[in-house]
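Novice: Below is one structure. I have some questions about it.
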Amino acid sequence: MTKTSVRHERRGEARLPAALAVLFAIALYALLPETLLVLPRLVIPILGVLLLVALVVINPKRLTRQTRLSRIVSLALVGLIGLANAVSLVLLLRALLASEVQDGRSLLIAALQVWLTNVIVFGLAFWELDRGGPVARTQQPRDQLPPADFRFSQDENDDTVSEVARGSSKRSGWVPALHDYLYVSLTNSTAFSPTDTMPLTGRAKLLMGVECTSALIVSVLVIARGVGILQ
């Protein structure tokens with residue numbers, strides 16, 4: 001194992017980017033119109049913040065420790081935001097397909113909020129699931145990691161030109177971080193298909209399929225209907 005990979009394993013991934021992503025997703029949900037919420041406005045945000053606080057207590061600065069409970073809490077947090085956003089998407093569709101829409105402009109803004117939340121929540125889901133999660137990816141030797149859900153370009157470019165190969169997983173100890181999974185989620189939501197990162201497992205393909213389908217609904221059906229309302 002190289003010195004670079006050993007140093008990376010000791011440090012772990014920073015907590016702050018994931019915490020900010022979760023808070024941003026929660027804020028987007030909390031600012032949705034009342035008609036797109038099933039529960040009182042602050043119920044989901046409060047539950048989300050409480051789960052996040054529990055995770056921050058375990059790993060306040062860097063993700064270096066993981067217990068069974070912390071793993072369950074982290075997955076529950078992503079699931080909570082994802083489920084709440086899915087319900088909002090259904091309510092948004094129902095509102096836009098109604099015969100009379102009073103405020104098309106606010107629904108267009110809500111569509112953007114739902115789409116952005118979708119990108120964040122699926123990016124977090126990819127980040128939590130791939131190769132055992134963010135703690136496992138940096139703290140366990142590669143030969144002890146669970147099978148990869150995604151194949152990044154860094155995982156296969158070790159035999160190319162030297163300046164590219166130096167950044168490969170094999171030579172530098174590179175492991176994907178949150179921003180890599182957010183990029184995968186963003187490209188999947190805009191291209192409606194994988195781009196430079198390929199899903200390898202059934203669950204990865206299922207998640208990417210659900211994401212691009214919901215993104216297609218928001219991008220094409222919802223926005224097209226909203227533009228028609230504004231005309």
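Residue names in the structure tokens use chain letters A, B, ... in the order shown, residue numbers from 1 in each chain, and ligand numbers from 1 in the order shown.
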Quick one: everything within 10 Å of A:Gly79, counting only C-alpha atoms, minus sequence neighbours fewer than 6 positions away in the same chain. Send it as a list in words.
Specialist: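 So the residues in contact are Val73, Asn85, Val121, Phe122, Leu124 and Ala125 of chain A.
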Novice: Those same residues, written as a tab-separated table (two decimals), in the first residue's frame with N, CA and C atoms?
Specialist:
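Result saved to again_7.tsv:
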chain	number	residue	atom	x	y	z
A	73	VAL	N	-28.46	4.60	11.09
A	73	VAL	CA	-28.91	6.00	11.17
A	73	VAL	C	-28.57	6.74	9.87
A	85	ASN	N	-39.16	13.45	-0.43
A	85	ASN	CA	-39.09	14.11	-1.74
A	85	ASN	C	-39.92	13.36	-2.78
A	121	VAL	N	-30.13	13.64	-2.89
A	121	VAL	CA	-30.45	12.44	-2.13
A	121	VAL	C	-29.91	11.18	-2.81
A	122	PHE	N	-29.94	11.13	-4.14
A	122	PHE	CA	-29.39	9.96	-4.82
A	122	PHE	C	-27.86	9.98	-4.77
A	124	LEU	N	-26.19	11.09	-2.24
A	124	LEU	CA	-25.92	10.59	-0.89
A	124	LEU	C	-26.13	9.08	-0.80
A	125	ALA	N	-27.16	8.58	-1.49
A	125	ALA	CA	-27.42	7.14	-1.48
A	125	ALA	C	-26.27	6.37	-2.13
Novice: Just asking: which residues within stretch 107-171 of chain A are helix (DSSP H, G or I) according to DSSP, as an MDAnalysis selection string?
Specialist: chainID A and resid 107:132 134:139 142:144 153:155 162:165 169:171
Novice: So how far away is atom CA of A:Arg11 from atom CA of A:Ser168, in Å?
Specialist: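 Atom CA of A:Arg11 lies 19.2 Å from atom CA of A:Ser168.
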Novice: Mind giving me the straight-line distance from atom CA of A:Val184 to atom CA of A:Lys205 in Å, one decimal?
Specialist: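 We find that atom CA of A:Val184 and atom CA of A:Lys205 lie 12.4 Å from each other.
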Novice: Pick the closest to A:Leu221 from A:Ala191, A:Leu108, A:Ile120, A:Leu206: which is it, counting only C-alpha atoms?
Specialist: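 Checking each of A:Ala191, A:Leu108, A:Ile120, A:Leu206 against A:Leu221, counting only C-alpha atoms, the winner is A:Leu108.
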Novice: For the atom pair atom CA of A:Ile109 and atom CA of A:Leu182, what is the interatomic distance in Å to one decimal place?
Specialist: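 Distance reported for this atom pair: 21.4 Å.
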Novice: For A:Leu80, please output as a list in words all residues within 8 Å (counting only C-alpha atoms; exclusion window: fewer than 3 positions along the same chain).
Specialist: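 The contact residues come out as Ile44, Gly48, Ala76, Leu77, Leu83 and Ala84 of chain A.
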Novice: Take the residues just selected and output them with N, CA and C atoms as an mmCIF file, in the first residue's frame.
Specialist:
data_model
loop_
_atom_site.group_PDB
_atom_site.id
_atom_site.type_symbol
_atom_site.label_atom_id
_atom_site.label_comp_id
_atom_site.auth_asym_id
_atom_site.auth_seq_id
_atom_site.Cartn_x
_atom_site.Cartn_y
_atom_site.Cartn_z
ATOM 1 N N ILE A 44 -40.377 16.657 9.030
ATOM 2 C CA ILE A 44 -39.269 16.005 8.322
ATOM 3 C C ILE A 44 -37.942 16.733 8.573
ATOM 4 N N GLY A 48 -34.736 14.972 10.315
ATOM 5 C CA GLY A 48 -33.490 14.922 9.568
ATOM 6 C C GLY A 48 -32.330 15.531 10.333
ATOM 7 N N ALA A 76 -30.922 5.585 7.241
ATOM 8 C CA ALA A 76 -32.267 6.080 7.547
ATOM 9 C C ALA A 76 -32.407 7.550 7.185
ATOM 10 N N LEU A 77 -31.362 8.326 7.401
ATOM 11 C CA LEU A 77 -31.402 9.747 7.062
ATOM 12 C C LEU A 77 -31.598 9.955 5.566
ATOM 13 N N LEU A 83 -37.691 9.584 0.658
ATOM 14 C CA LEU A 83 -39.121 9.278 0.695
ATOM 15 C C LEU A 83 -39.959 10.543 0.728
ATOM 16 N N ALA A 84 -39.539 11.512 1.540
ATOM 17 C CA ALA A 84 -40.280 12.774 1.618
ATOM 18 C C ALA A 84 -40.287 13.479 0.263
#
Novice: Looking at only C-alpha atoms, which of A:Arg105, A:Lys61, A:Arg41, A:Arg131 is the one that sits closest to A:Asp143?
Specialist: A:Arg131
Novice: Near stretch 132-138 of chain A, within 6 Å and counting only C-alpha atoms, which residues show up once chain neighbours fewer than 3 positions away are dropped, as an mmCIF file with all heavy atoms, in the first residue's frame?
Specialist:
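Generated output (part.cif):
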data_model
loop_
_atom_site.group_PDB
_atom_site.id
_atom_site.type_symbol
_atom_site.label_atom_id
_atom_site.label_comp_id
_atom_site.auth_asym_id
_atom_site.auth_seq_id
_atom_site.Cartn_x
_atom_site.Cartn_y
_atom_site.Cartn_z
ATOM 1 N N GLU A 9 -6.334 6.839 4.490
ATOM 2 C CA GLU A 9 -7.099 5.968 5.361
ATOM 3 C C GLU A 9 -7.129 6.501 6.791
ATOM 4 O O GLU A 9 -8.143 6.429 7.461
ATOM 5 C CB GLU A 9 -6.516 4.558 5.334
ATOM 6 C CG GLU A 9 -6.782 3.820 4.025
ATOM 7 C CD GLU A 9 -6.200 2.425 4.045
ATOM 8 O OE1 GLU A 9 -5.586 2.051 5.048
ATOM 9 O OE2 GLU A 9 -6.350 1.731 3.042
ATOM 10 N N GLY A 12 -9.594 9.745 6.773
ATOM 11 C CA GLY A 12 -11.008 9.565 6.495
ATOM 12 C C GLY A 12 -11.558 10.743 5.716
ATOM 13 O O GLY A 12 -10.910 11.778 5.535
ATOM 14 N N LEU A 63 -14.800 11.043 8.838
ATOM 15 C CA LEU A 63 -15.519 9.780 8.932
ATOM 16 C C LEU A 63 -14.524 8.633 9.092
ATOM 17 O O LEU A 63 -14.051 8.049 8.121
ATOM 18 C CB LEU A 63 -16.371 9.579 7.676
ATOM 19 C CG LEU A 63 -17.346 10.720 7.370
ATOM 20 C CD1 LEU A 63 -18.082 10.461 6.069
ATOM 21 C CD2 LEU A 63 -18.335 10.910 8.496
ATOM 22 N N THR A 64 -14.227 8.324 10.342
ATOM 23 C CA THR A 64 -13.245 7.287 10.640
ATOM 24 C C THR A 64 -13.818 6.163 11.494
ATOM 25 O O THR A 64 -13.184 5.121 11.635
ATOM 26 C CB THR A 64 -12.037 7.882 11.379
ATOM 27 O OG1 THR A 64 -12.489 8.546 12.576
ATOM 28 C CG2 THR A 64 -11.307 8.887 10.499
ATOM 29 N N GLU A 128 -23.350 6.392 0.264
ATOM 30 C CA GLU A 128 -23.522 5.537 1.437
ATOM 31 C C GLU A 128 -23.394 4.057 1.100
ATOM 32 O O GLU A 128 -22.977 3.262 1.942
ATOM 33 C CB GLU A 128 -24.896 5.790 2.079
ATOM 34 C CG GLU A 128 -25.004 7.090 2.846
ATOM 35 C CD GLU A 128 -24.284 7.049 4.184
ATOM 36 O OE1 GLU A 128 -23.662 6.004 4.509
ATOM 37 O OE2 GLU A 128 -24.320 8.048 4.909
ATOM 38 N N LEU A 129 -23.762 3.658 -0.116
ATOM 39 C CA LEU A 129 -23.837 2.237 -0.443
ATOM 40 C C LEU A 129 -22.572 1.683 -1.085
ATOM 41 O O LEU A 129 -22.192 0.539 -0.825
ATOM 42 C CB LEU A 129 -25.032 1.988 -1.368
ATOM 43 C CG LEU A 129 -26.417 2.225 -0.753
ATOM 44 C CD1 LEU A 129 -27.497 2.071 -1.816
ATOM 45 C CD2 LEU A 129 -26.667 1.270 0.401
ATOM 46 N N PRO A 146 -16.407 -4.555 0.390
ATOM 47 C CA PRO A 146 -17.465 -5.237 -0.352
ATOM 48 C C PRO A 146 -17.324 -4.934 -1.843
ATOM 49 O O PRO A 146 -16.630 -3.984 -2.235
ATOM 50 C CB PRO A 146 -18.756 -4.620 0.216
ATOM 51 C CG PRO A 146 -18.358 -4.037 1.537
ATOM 52 C CD PRO A 146 -16.941 -3.593 1.373
#
